[in-house]
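A.B. asks: Sending over run-v1.tsv (TSV, C-alpha atoms).
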```
chain	number	residue	atom	x	y	z
A	11	MET	CA	-9.27	4.49	38.67
A	12	ASP	CA	-6.75	2.96	36.26
A	13	ARG	CA	-6.86	5.26	33.21
A	14	SER	CA	-5.15	2.66	31.03
A	15	ALA	CA	-8.04	0.28	31.68
A	16	ALA	CA	-10.59	2.97	30.77
A	17	VAL	CA	-9.31	3.23	27.20
A	18	ASN	CA	-9.80	0.32	24.84
A	19	PRO	CA	-6.85	0.62	22.42
A	20	VAL	CA	-7.53	-0.17	18.78
A	21	ARG	CA	-5.46	-3.14	17.65
A	22	MET	CA	-6.32	-2.71	13.97
A	23	MET	CA	-8.13	0.27	12.49
A	24	LYS	CA	-10.22	0.14	9.36
A	25	ILE	CA	-9.23	3.27	7.45
A	26	LEU	CA	-10.64	4.87	4.28
A	27	VAL	CA	-8.51	7.49	2.55
A	28	ILE	CA	-10.02	9.81	-0.05
A	29	ASP	CA	-7.73	11.70	-2.40
A	30	GLU	CA	-7.39	13.34	-5.82
A	31	GLU	CA	-5.23	10.52	-7.22
A	32	PHE	CA	-3.37	7.36	-6.28
A	33	PRO	CA	0.07	8.22	-4.85
A	34	VAL	CA	1.93	6.26	-7.53
A	35	PRO	CA	4.33	6.76	-9.30
A	36	LEU	CA	6.46	8.48	-6.69
A	37	ASN	CA	7.25	11.55	-8.78
A	38	SER	CA	5.98	14.37	-6.55
A	39	GLY	CA	6.46	15.38	-2.95
A	40	LYS	CA	2.81	14.80	-2.08
A	41	ARG	CA	2.81	11.31	-3.59
A	42	ILE	CA	6.05	10.34	-1.86
A	43	ARG	CA	4.77	11.47	1.52
A	44	THR	CA	1.35	9.90	1.09
A	45	PHE	CA	2.60	6.54	-0.17
A	46	ASN	CA	5.23	6.12	2.53
A	47	LEU	CA	2.92	7.03	5.41
A	48	TYR	CA	0.10	4.73	4.30
A	49	ARG	CA	2.52	1.94	3.54
A	50	GLU	CA	3.56	2.20	7.19
A	51	LEU	CA	-0.07	2.32	8.38
A	52	SER	CA	-1.01	-0.71	6.27
A	53	LYS	CA	1.45	-2.87	8.21
A	54	SER	CA	-0.91	-2.91	11.20
A	55	ASN	CA	-4.23	-1.61	9.85
A	56	GLU	CA	-6.70	-2.23	7.03
A	57	VAL	CA	-6.31	0.68	4.62
A	58	SER	CA	-8.58	1.43	1.63
A	59	TYR	CA	-7.93	4.23	-0.86
A	60	LEU	CA	-10.57	5.98	-2.98
A	61	ALA	CA	-9.27	8.33	-5.67
A	62	TYR	CA	-9.80	9.53	-9.22
A	63	GLY	CA	-8.07	7.25	-11.69
A	64	ASP	CA	-8.14	3.54	-12.53
A	65	ALA	CA	-7.46	0.89	-9.90
A	66	ARG	CA	-6.60	-1.62	-12.66
A	67	THR	CA	-3.41	0.25	-13.62
A	68	ASP	CA	0.11	-0.13	-12.22
A	69	ALA	CA	-0.76	2.39	-9.52
A	70	GLY	CA	-3.50	0.12	-8.22
A	71	ARG	CA	-1.20	-2.89	-8.43
A	72	VAL	CA	1.51	-1.15	-6.39
A	73	LEU	CA	-1.02	-0.22	-3.69
A	74	ARG	CA	-2.32	-3.79	-3.51
A	75	GLU	CA	1.23	-5.10	-3.22
A	76	ASN	CA	1.57	-2.86	-0.16
A	77	ASN	CA	-1.70	-4.09	1.43
A	78	ILE	CA	-3.70	-1.00	0.45
A	79	LYS	CA	-7.07	-1.61	-1.24
A	80	PRO	CA	-7.59	0.79	-4.20
A	81	PHE	CA	-11.03	2.00	-5.32
A	82	SER	CA	-11.31	4.36	-8.27
A	83	VAL	CA	-13.60	6.91	-9.90
A	84	PRO	CA	-13.06	8.14	-13.51
A	85	LYS	CA	-11.13	11.39	-13.64
A	86	PRO	CA	-13.08	14.58	-14.39
A	87	ASP	CA	-11.77	17.01	-16.99
A	88	ARG	CA	-9.38	19.30	-15.12
A	89	THR	CA	-7.24	20.32	-18.10
A	90	GLN	CA	-5.74	23.72	-17.32
A	91	ALA	CA	-5.84	25.04	-20.87
A	92	GLY	CA	-8.34	25.87	-23.59
A	93	ILE	CA	-11.72	27.59	-23.62
A	94	ARG	CA	-13.41	25.02	-21.35
A	95	PHE	CA	-10.86	25.68	-18.62
A	96	TYR	CA	-11.45	29.43	-18.74
A	97	VAL	CA	-15.21	28.90	-18.75
A	98	ARG	CA	-14.85	26.84	-15.56
A	99	LEU	CA	-12.74	29.58	-14.00
A	100	PHE	CA	-15.36	32.19	-14.94
A	101	LEU	CA	-18.26	30.13	-13.58
A	102	ASN	CA	-16.41	29.65	-10.31
A	103	LEU	CA	-16.73	33.39	-9.71
A	104	PHE	CA	-20.38	32.67	-8.86
A	105	SER	CA	-19.59	29.89	-6.36
A	106	ARG	CA	-18.88	30.47	-2.69
A	107	TYR	CA	-16.30	27.69	-2.83
A	108	PRO	CA	-12.83	28.10	-4.37
A	109	TYR	CA	-11.91	26.47	-7.67
A	110	ILE	CA	-9.63	23.89	-6.01
A	111	VAL	CA	-12.77	22.60	-4.25
A	112	THR	CA	-15.36	22.77	-7.04
A	113	SER	CA	-13.02	21.22	-9.61
A	114	HIS	CA	-12.50	18.16	-7.41
A	115	TYR	CA	-16.06	17.59	-6.25
A	116	THR	CA	-18.10	15.29	-8.49
A	117	LYS	CA	-21.32	13.34	-8.01
A	118	ALA	CA	-19.55	10.17	-9.14
A	119	PHE	CA	-16.96	10.49	-6.37
A	120	LYS	CA	-19.67	11.28	-3.82
A	121	ARG	CA	-21.65	8.16	-4.83
A	122	ALA	CA	-18.58	5.93	-4.61
A	123	PHE	CA	-17.66	7.42	-1.25
A	124	SER	CA	-21.17	6.95	0.16
A	125	ARG	CA	-21.32	3.37	-1.11
A	126	LEU	CA	-18.05	2.44	0.55
A	127	ILE	CA	-19.20	3.90	3.87
A	128	GLU	CA	-22.51	2.03	3.67
A	129	GLU	CA	-20.83	-1.29	2.87
A	130	ASN	CA	-17.94	-1.07	5.35
A	131	GLN	CA	-17.63	-0.25	9.01
A	132	TYR	CA	-14.68	2.12	8.83
A	133	ASP	CA	-13.19	3.44	12.03
A	134	ILE	CA	-11.93	6.62	10.42
A	135	ILE	CA	-12.03	8.61	7.16
A	136	ILE	CA	-8.94	10.55	6.06
A	137	CYS	CA	-9.19	13.43	3.58
A	138	GLU	CA	-5.73	13.38	2.04
A	139	TRP	CA	-6.06	16.96	0.81
A	140	THR	CA	-8.02	19.84	2.29
A	141	PRO	CA	-10.46	20.32	-0.67
A	142	TYR	CA	-11.72	16.75	-0.11
A	143	ALA	CA	-13.21	17.89	3.18
A	144	MET	CA	-16.30	18.71	1.10
A	145	PHE	CA	-17.13	15.00	1.09
A	146	ILE	CA	-17.25	14.82	4.90
A	147	LYS	CA	-19.12	18.09	5.44
A	148	ASP	CA	-22.39	16.45	6.51
A	149	LEU	CA	-20.96	13.14	7.72
A	150	SER	CA	-21.50	12.40	11.41
A	151	PHE	CA	-19.89	8.95	11.47
A	152	PRO	CA	-17.23	7.56	11.40
A	153	LYS	CA	-14.46	9.75	12.78
A	154	LYS	CA	-12.86	12.13	10.28
A	155	VAL	CA	-9.37	13.56	9.80
A	156	ILE	CA	-8.15	16.19	7.34
A	157	VAL	CA	-4.54	16.03	6.17
A	158	THR	CA	-3.00	19.39	5.25
A	159	HIS	CA	0.02	19.10	3.01
A	160	ASN	CA	-0.05	22.90	2.99
A	161	VAL	CA	-2.22	25.60	4.48
A	162	GLU	CA	-3.64	26.46	1.08
A	163	SER	CA	-4.59	30.06	1.89
A	164	ARG	CA	-0.95	30.86	2.66
A	165	ILE	CA	0.07	29.66	-0.80
A	166	TRP	CA	-2.62	31.69	-2.52
A	167	ARG	CA	-1.76	34.79	-0.54
A	168	ARG	CA	1.80	34.46	-1.83
A	169	TYR	CA	0.48	33.88	-5.37
A	170	ARG	CA	-1.41	37.15	-5.03
A	171	ASP	CA	1.59	39.02	-3.65
A	172	THR	CA	4.00	37.82	-6.38
A	173	GLU	CA	1.68	38.04	-9.41
A	174	SER	CA	2.48	40.98	-11.70
A	175	ASN	CA	-0.37	40.61	-14.20
A	176	PRO	CA	-3.19	42.85	-12.84
A	177	VAL	CA	-6.05	40.69	-14.21
A	178	LYS	CA	-4.55	37.48	-12.82
A	179	LYS	CA	-3.83	39.25	-9.55
A	180	ILE	CA	-7.50	40.19	-9.11
A	181	TYR	CA	-8.68	36.63	-9.85
A	182	ILE	CA	-6.07	35.14	-7.51
A	183	ALA	CA	-7.12	37.58	-4.79
A	184	ILE	CA	-10.73	36.38	-5.15
A	185	GLN	CA	-9.61	32.75	-4.93
A	186	TYR	CA	-7.47	33.52	-1.90
A	187	LYS	CA	-10.46	34.96	-0.02
A	188	LYS	CA	-12.58	31.92	-0.88
A	189	ILE	CA	-9.88	29.48	0.17
A	190	LEU	CA	-9.31	31.32	3.44
A	191	ALA	CA	-13.04	31.22	4.20
A	192	PHE	CA	-13.19	27.52	3.29
A	193	GLU	CA	-10.27	26.61	5.55
A	194	LYS	CA	-11.78	28.52	8.46
A	195	LYS	CA	-14.89	26.31	8.14
A	196	CYS	CA	-13.77	22.91	6.90
A	197	PHE	CA	-11.40	21.96	9.71
A	198	LYS	CA	-14.34	22.14	12.11
A	199	TRP	CA	-16.07	19.39	10.10
A	200	ALA	CA	-13.35	16.96	11.21
A	201	ASP	CA	-12.43	15.31	14.49
A	202	GLY	CA	-8.73	15.81	13.84
A	203	VAL	CA	-6.28	17.59	11.55
A	204	THR	CA	-2.64	16.94	10.71
A	205	ALA	CA	-0.12	19.58	9.69
A	206	VAL	CA	3.39	19.13	8.28
A	207	SER	CA	5.07	21.64	10.58
A	208	LYS	CA	4.56	23.45	13.88
A	209	ASP	CA	4.37	26.70	11.96
A	210	GLU	CA	1.41	25.51	9.88
A	211	ALA	CA	-0.23	23.93	12.93
A	212	SER	CA	-0.22	27.34	14.62
A	213	VAL	CA	-1.97	28.85	11.58
A	214	ILE	CA	-4.68	26.17	11.78
A	215	ARG	CA	-5.17	26.98	15.45
A	216	GLU	CA	-5.69	30.61	14.44
A	217	PHE	CA	-8.64	29.40	12.36
A	218	ASP	CA	-10.32	28.63	15.69
A	219	PHE	CA	-9.98	24.88	15.26
A	220	GLY	CA	-10.38	23.34	18.71
A	221	GLY	CA	-10.12	19.66	17.79
A	222	GLN	CA	-7.17	17.31	17.95
A	223	LEU	CA	-4.21	18.57	15.93
A	224	GLU	CA	-0.95	16.76	15.31
A	225	VAL	CA	2.20	17.62	13.39
A	226	ILE	CA	3.24	14.77	11.10
A	227	GLU	CA	6.40	16.03	9.46
A	228	ASN	CA	7.53	15.12	5.97
A	229	GLY	CA	10.14	12.41	5.85
A	230	VAL	CA	12.67	10.61	3.71
A	231	ASP	CA	13.71	7.03	3.08
A	232	ILE	CA	17.17	7.27	4.62
A	233	ASP	CA	18.20	3.88	3.24
A	234	TYR	CA	17.23	4.77	-0.34
A	235	PHE	CA	18.50	8.35	-0.26
A	236	ARG	CA	22.11	8.07	0.81
A	237	PRO	CA	25.42	9.27	-0.66
A	238	LEU	CA	26.37	7.59	-3.94
A	239	ASP	CA	29.90	6.87	-5.11
A	240	THR	CA	29.63	9.27	-8.04
A	241	ALA	CA	32.01	11.83	-9.51
A	242	ILE	CA	30.80	15.33	-8.61
A	243	ASP	CA	30.65	18.08	-11.22
A	244	PRO	CA	32.00	21.15	-9.37
A	245	ASP	CA	29.99	23.55	-11.56
A	246	MET	CA	26.63	21.72	-11.51
A	247	LEU	CA	23.52	22.88	-9.66
A	248	VAL	CA	20.36	20.79	-9.42
A	249	THR	CA	16.84	20.99	-8.07
A	250	THR	CA	13.87	18.66	-8.18
A	251	GLY	CA	10.11	19.17	-7.96
A	252	SER	CA	6.95	18.75	-9.99
A	253	MET	CA	6.97	21.29	-12.79
A	254	ASP	CA	3.19	21.20	-13.09
A	255	TRP	CA	3.00	22.91	-9.67
A	256	ARG	CA	2.95	26.67	-9.90
A	257	PRO	CA	5.40	27.42	-7.02
A	258	ASN	CA	8.06	25.27	-8.71
A	259	GLN	CA	7.44	27.03	-12.03
A	260	ASP	CA	7.85	30.41	-10.36
A	261	ALA	CA	11.06	29.20	-8.71
A	262	ALA	CA	12.51	28.01	-12.01
A	263	VAL	CA	11.77	31.29	-13.78
A	264	PHE	CA	13.03	33.35	-10.82
A	265	PHE	CA	16.32	31.45	-10.69
A	266	ALA	CA	16.95	31.19	-14.43
A	267	THR	CA	16.16	34.81	-15.28
A	268	GLU	CA	17.22	36.74	-12.15
A	269	ILE	CA	19.71	34.70	-10.12
A	270	PHE	CA	21.55	32.60	-12.69
A	271	PRO	CA	22.91	35.59	-14.70
A	272	ILE	CA	24.55	36.96	-11.55
A	273	ILE	CA	26.27	33.63	-10.89
A	274	LYS	CA	27.40	33.37	-14.53
A	275	GLN	CA	29.23	36.67	-14.20
A	276	ILE	CA	31.52	35.04	-11.62
A	277	ASN	CA	31.50	31.44	-12.86
A	278	SER	CA	30.97	31.17	-16.61
A	279	GLN	CA	31.00	27.33	-16.42
A	280	VAL	CA	28.09	27.01	-14.00
A	281	ARG	CA	25.08	24.94	-15.12
A	282	ALA	CA	21.69	24.27	-13.53
A	283	THR	CA	19.36	21.31	-14.07
A	284	PHE	CA	15.67	21.36	-13.13
A	285	ILE	CA	14.07	17.92	-12.76
A	286	GLY	CA	10.32	17.41	-12.43
A	287	ARG	CA	7.24	16.05	-14.12
A	288	ASN	CA	5.21	17.82	-16.80
A	289	PRO	CA	7.21	21.02	-17.42
A	290	PRO	CA	4.97	23.36	-19.47
A	291	GLY	CA	6.14	25.30	-22.52
A	292	LYS	CA	7.21	28.38	-20.58
A	293	ILE	CA	9.50	26.25	-18.42
A	294	ARG	CA	10.88	24.31	-21.41
A	295	GLY	CA	11.64	27.69	-22.93
A	296	LEU	CA	14.16	28.42	-20.16
A	297	GLU	CA	16.58	26.10	-21.95
A	298	LYS	CA	17.23	28.99	-24.34
A	299	ILE	CA	19.38	30.36	-21.51
A	300	ASP	CA	22.91	29.03	-21.80
A	301	GLY	CA	23.56	26.55	-18.96
A	302	ILE	CA	19.93	25.81	-18.07
A	303	THR	CA	18.60	22.27	-18.60
A	304	ILE	CA	14.98	21.23	-18.06
A	305	VAL	CA	14.40	17.52	-17.46
A	306	GLY	CA	10.95	15.96	-17.13
A	307	THR	CA	10.11	12.82	-15.21
A	308	VAL	CA	13.04	10.52	-14.45
A	309	ASP	CA	12.99	7.01	-13.01
A	310	ASP	CA	15.53	7.91	-10.33
A	311	VAL	CA	16.54	11.40	-9.20
A	312	ARG	CA	19.46	10.18	-7.10
A	313	PRO	CA	22.12	10.13	-9.85
A	314	TYR	CA	21.28	13.74	-10.76
A	315	ILE	CA	21.50	14.86	-7.13
A	316	ALA	CA	24.69	12.88	-6.55
A	317	GLU	CA	26.47	14.39	-9.56
A	318	ALA	CA	25.69	18.00	-8.64
A	319	ALA	CA	27.91	20.09	-6.41
A	320	LEU	CA	24.95	21.92	-4.90
A	321	PHE	CA	21.19	21.53	-4.47
A	322	ILE	CA	19.16	24.73	-4.89
A	323	VAL	CA	15.63	25.62	-3.73
A	324	PRO	CA	14.76	29.11	-5.03
A	325	LEU	CA	11.08	28.99	-4.00
A	326	ARG	CA	9.23	32.24	-3.43
A	327	VAL	CA	5.74	30.73	-3.11
A	328	GLY	CA	4.75	27.63	-1.20
A	329	GLY	CA	3.62	25.99	1.99
A	330	GLY	CA	4.16	22.79	3.90
A	331	THR	CA	7.67	21.40	3.98
A	332	ARG	CA	9.91	20.35	1.11
A	333	LEU	CA	10.67	16.64	0.75
A	334	LYS	CA	13.25	17.49	-1.88
A	335	ILE	CA	15.39	19.24	0.73
A	336	LEU	CA	15.24	16.18	2.98
A	337	GLU	CA	16.23	13.93	0.07
A	338	ALA	CA	19.20	16.14	-0.77
A	339	LEU	CA	20.31	16.32	2.86
A	340	ALA	CA	20.00	12.54	3.18
A	341	MET	CA	22.46	12.28	0.26
A	342	LYS	CA	24.83	14.64	2.12
A	343	LYS	CA	24.32	17.44	-0.37
A	344	ALA	CA	24.82	21.07	0.53
A	345	VAL	CA	21.58	23.02	0.02
A	346	VAL	CA	20.98	26.69	-0.70
A	347	SER	CA	17.33	27.63	-0.20
A	348	THR	CA	15.08	30.60	0.33
A	349	THR	CA	13.45	30.90	3.74
A	350	VAL	CA	10.11	29.96	2.17
A	351	GLY	CA	11.70	26.93	0.54
A	352	ALA	CA	12.92	25.57	3.88
A	353	GLU	CA	9.86	26.68	5.84
A	354	GLY	CA	8.76	24.24	8.52
A	355	LEU	CA	11.95	22.15	8.50
A	356	MET	CA	14.19	21.92	11.56
A	357	VAL	CA	17.15	23.33	9.65
A	358	THR	CA	19.65	25.89	10.90
A	359	ASP	CA	21.18	28.50	8.63
A	360	ASN	CA	24.92	28.00	8.08
A	361	ARG	CA	24.85	24.72	10.00
A	362	ASN	CA	23.01	22.27	7.74
A	363	ILE	CA	21.70	24.63	5.06
A	364	ILE	CA	22.34	28.10	3.62
A	365	LEU	CA	19.31	30.41	3.55
A	366	ALA	CA	19.10	33.41	1.21
A	367	ASP	CA	16.07	35.29	-0.07
A	368	ASP	CA	16.78	38.11	-2.52
A	369	LYS	CA	18.43	37.32	-5.84
A	370	LYS	CA	21.83	38.82	-4.94
A	371	GLN	CA	22.04	37.00	-1.61
A	372	PHE	CA	21.02	33.73	-3.25
A	373	ALA	CA	23.58	34.12	-6.03
A	374	ASP	CA	26.32	34.99	-3.53
A	375	ALA	CA	25.45	31.93	-1.43
A	376	VAL	CA	25.66	29.66	-4.48
A	377	ILE	CA	29.02	31.14	-5.52
A	378	ARG	CA	30.35	30.78	-1.99
A	379	CYS	CA	29.38	27.11	-1.83
A	380	LEU	CA	30.74	26.30	-5.28
A	381	GLU	CA	34.09	27.83	-4.33
A	382	ASP	CA	34.33	26.19	-0.88
A	383	TYR	CA	34.40	22.38	-0.90
A	384	SER	CA	34.90	22.17	2.88
A	385	LEU	CA	31.74	24.26	3.42
A	386	ARG	CA	29.71	21.98	1.13
A	387	SER	CA	31.08	18.91	2.87
A	388	ARG	CA	30.25	20.22	6.35
A	389	LEU	CA	26.72	21.20	5.35
A	390	GLY	CA	26.16	17.77	3.82
A	391	GLU	CA	27.40	15.89	6.89
A	392	GLU	CA	25.21	17.96	9.21
A	393	GLY	CA	22.22	17.52	6.90
A	394	ARG	CA	22.49	13.74	7.00
A	395	ILE	CA	22.64	13.80	10.80
A	396	LEU	CA	19.47	15.93	10.87
A	397	VAL	CA	17.35	13.63	8.69
A	398	GLU	CA	18.50	10.48	10.49
A	399	LYS	CA	17.40	12.02	13.79
A	400	HIS	CA	14.06	13.59	12.83
A	401	TYR	CA	12.74	12.53	9.41
A	402	CYS	CA	12.53	8.72	9.12
A	403	TRP	CA	9.27	7.45	7.56
A	404	ARG	CA	9.05	4.52	9.98
A	405	ASP	CA	8.93	6.80	13.00
A	406	LEU	CA	6.55	9.24	11.31
A	407	GLY	CA	4.21	6.39	10.38
A	408	ARG	CA	4.13	5.30	14.01
A	409	LYS	CA	3.37	8.86	15.08
A	410	LEU	CA	0.47	9.07	12.61
A	411	ASN	CA	-0.87	5.69	13.76
A	412	ASP	CA	-0.88	6.86	17.39
A	413	PHE	CA	-2.72	10.05	16.43
A	414	LEU	CA	-5.41	8.17	14.50
A	415	GLU	CA	-5.88	5.76	17.39
A	416	SER	CA	-6.37	8.71	19.73
A	417	ILE	CA	-9.07	10.08	17.40
A	418	VAL	CA	-10.88	6.73	17.17
A	419	ASN	CA	-10.73	6.23	20.94
A	420	SER	CA	-11.78	9.78	21.83
```
Show me the file's structure as structure tokens.
C.D. replies:
Amino acid sequence: MDRSAAVNPVRMMKILVIDEEFPVPLNSGKRIRTFNLYRELSKSNEVSYLAYGDARTDAGRVLRENNIKPFSVPKPDRTQAGIRFYVRLFLNLFSRYPYIVTSHYTKAFKRAFSRLIEENQYDIIICEWTPYAMFIKDLSFPKKVIVTHNVESRIWRRYRDTESNPVKKIYIAIQYKKILAFEKKCFKWADGVTAVSKDEASVIREFDFGGQLEVIENGVDIDYFRPLDTAIDPDMLVTTGSMDWRPNQDAAVFFATEIFPIIKQINSQVRATFIGRNPPGKIRGLEKIDGITIVGTVDDVRPYIAEAALFIVPLRVGGGTRLKILEALAMKKAVVSTTVGAEGLMVTDNRNIILADDKKQFADAVIRCLEDYSLRSRLGEEGRILVEKHYCWRDLGRKLNDFLESIVNS
């Protein structure tokens, strides 16, 4: 029997994506990944996108311009401050589901989701973040895929392990247990799951998930992120990343208060710039340290990266893989990162990146790179070669398309 004749390949899939927000503007790693992958999918498929927000805004316009149909639901109140926030945290203690699930599940979203399914014959539903698996829990048709940007339980375990406040540590430990239990169940509600690295895929397998699993790595626009003809400041360090994400906040505090002083003892001229959206007060306060600059959202991160001598990633908490490292490597920048920061990427220590974990090792690595132009140059050249070979969005979009087709045809 001809196996190729037994499978009826899908020429155009009808896809519905459900997510917490529209992936525009491109000012976070998750948004950049999401937008680029679905822009690739929309070239040969019909893609609809349901999220909290307003489809009449610029975000909706950008999606439509890229052949993605936006549908919106008004945002719930998820402000992470004030008495109402702490009341919600307290009430979640009595729920079997973690806060990242209950805070994103609303009846309005469920109604909009159900209506779209009733009115359209979708081939596949994609949950663009693990907590949104709640909406497919009891759905038998169509096929369903969960996208994991991170294995969330790994992040929360690291939150627990690095938290020094005993009250917060207890609450985080409770959330970690709930998230772990949720992940062990929710992947089985889907026909397929994607992970961003082989390492995270192996963790999902340990959750006893027996369905189809594919690694869709993070990527970079290698035409947009390329070396710029810019004068380099030999004493400038830079890093990028959303400052409303707790791992990036922890990284900023860790570097500014524990690593940076060690570097300053050797190089009194050194400066470090942190770029990312919505930096809270405690992060803004780091500017009191001589040489530290906190920058919020910028229209284009490339000039900041191009000007710096070195890109730093002092993450201690996190999961998934870091798009910011790929962007820096694409611009031929030398990168010093923690092992956690570079987790899941096909990088090699001392070949295309420098890895260092404790504060003294990290500081020494930064000093070494600042003092050695030939080392920085070699790391940058090797980094560009790496991203050109493995991390192009076009190829990753094709890989995702093939995986979704396999799910629909299974």
A.B. asks: Could you build a table of the residues in stretch 309-362 of chain A lying no more than 9 Å from stretch 238-243 of chain A, giving for each the nearest pair of atoms and their separation in Å rounded to one decimal place, using only C-alpha atoms, ordered by chain and ascending residue number, as a tab-separated table?
C.D. replies:
```
residue	atom	partner	partner_atom	distance
A:Arg312	CA	A:Leu238	CA	8.0
A:Pro313	CA	A:Leu238	CA	7.7
A:Ala316	CA	A:Leu238	CA	6.1
A:Glu317	CA	A:Ile242	CA	4.5
A:Ala318	CA	A:Asp243	CA	5.6
A:Ala319	CA	A:Asp243	CA	5.9
A:Met341	CA	A:Leu238	CA	7.4
```
A.B. asks: Of the candidates A:Thr204, A:Asn130, A:Ser384, A:Ser82, which one gets nearest to A:Val161 if we count all atoms listed in the file?
C.D. replies: A:Thr204
A.B. asks: Determine, counting all atoms listed in the file, which protein, DNA and RNA residues have an atom within 8 Å of an atom of stretch 263-269 of chain A; residues of the same chain fewer than 3 positions away are not included. Present the result as a VMD selection string.
C.D. replies: chain A and resid 259 to 260 272 to 273 293 296 299 302 324 369 to 370 372 to 373
A.B. asks: Output the selection as an mmCIF file, in the coordinates of the input - C-alpha atoms for each residue.
C.D. replies:
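Output (part02.cif):
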```
data_model
loop_
_atom_site.group_PDB
_atom_site.id
_atom_site.type_symbol
_atom_site.label_atom_id
_atom_site.label_comp_id
_atom_site.auth_asym_id
_atom_site.auth_seq_id
_atom_site.Cartn_x
_atom_site.Cartn_y
_atom_site.Cartn_z
ATOM 1 C CA GLN A 259 7.440 27.030 -12.030
ATOM 2 C CA ASP A 260 7.850 30.410 -10.360
ATOM 3 C CA ILE A 272 24.550 36.960 -11.550
ATOM 4 C CA ILE A 273 26.270 33.630 -10.890
ATOM 5 C CA ILE A 293 9.500 26.250 -18.420
ATOM 6 C CA LEU A 296 14.160 28.420 -20.160
ATOM 7 C CA ILE A 299 19.380 30.360 -21.510
ATOM 8 C CA ILE A 302 19.930 25.810 -18.070
ATOM 9 C CA PRO A 324 14.760 29.110 -5.030
ATOM 10 C CA LYS A 369 18.430 37.320 -5.840
ATOM 11 C CA LYS A 370 21.830 38.820 -4.940
ATOM 12 C CA PHE A 372 21.020 33.730 -3.250
ATOM 13 C CA ALA A 373 23.580 34.120 -6.030
#
```
A.B. asks: Go ahead and compute the interatomic distance for atom CA of A:Tyr169 and atom CA of A:Tyr181, in Å to one decimal.
C.D. replies: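 According to the coordinates, atom CA of A:Tyr169 and atom CA of A:Tyr181 are separated by 10.6 Å.
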A.B. asks: For a test of reading the model, state the distance in Å between atom CA of A:Leu247 and atom CA of A:His400, rounded to one decimal.
C.D. replies: 26.1 Å
A.B. asks: For A:Arg66, which residue among A:Phe81, A:Arg386, A:Phe104, A:Pro271 is the nearest when counting only C-alpha atoms?
C.D. replies: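 So, comparing all the options, the nearest one is A:Phe81.
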A.B. asks: Pull out stretch 190-224 of chain A, keep C-alpha atoms, and write it as a CSV table (one decimal), in the first residue's frame.
C.D. replies:
```csv
chain,number,residue,atom,x,y,z
A,190,LEU,CA,2.9,21.4,38.7
A,191,ALA,CA,-0.4,19.5,39.2
A,192,PHE,CA,-2.1,21.6,36.4
A,193,GLU,CA,0.7,20.9,33.9
A,194,LYS,CA,0.6,17.2,34.7
A,195,LYS,CA,-3.1,17.2,33.7
A,196,CYS,CA,-3.6,19.8,31.0
A,197,PHE,CA,-1.2,18.5,28.4
A,198,LYS,CA,-3.4,15.3,28.2
A,199,TRP,CA,-6.4,17.5,27.2
A,200,ALA,CA,-4.6,18.3,23.9
A,201,ASP,CA,-3.7,16.3,20.8
A,202,GLY,CA,-0.3,17.9,20.6
A,203,VAL,CA,2.2,20.1,22.5
A,204,THR,CA,5.1,22.3,21.4
A,205,ALA,CA,8.1,23.1,23.5
A,206,VAL,CA,10.9,25.7,22.8
A,207,SER,CA,13.8,23.3,23.5
A,208,LYS,CA,14.6,19.6,23.8
A,209,ASP,CA,15.3,20.1,27.5
A,210,GLU,CA,11.7,21.4,28.1
A,211,ALA,CA,10.3,18.7,25.8
A,212,SER,CA,11.9,16.0,28.0
A,213,VAL,CA,10.2,17.6,31.1
A,214,ILE,CA,6.8,17.5,29.4
A,215,ARG,CA,7.4,13.8,28.6
A,216,GLU,CA,8.1,13.2,32.3
A,217,PHE,CA,4.5,14.5,32.9
A,218,ASP,CA,3.4,11.3,31.2
A,219,PHE,CA,2.2,13.1,28.1
A,220,GLY,CA,2.0,10.5,25.3
A,221,GLY,CA,0.7,12.7,22.5
A,222,GLN,CA,2.5,14.3,19.7
A,223,LEU,CA,5.3,16.6,20.9
A,224,GLU,CA,7.4,18.9,18.8
```
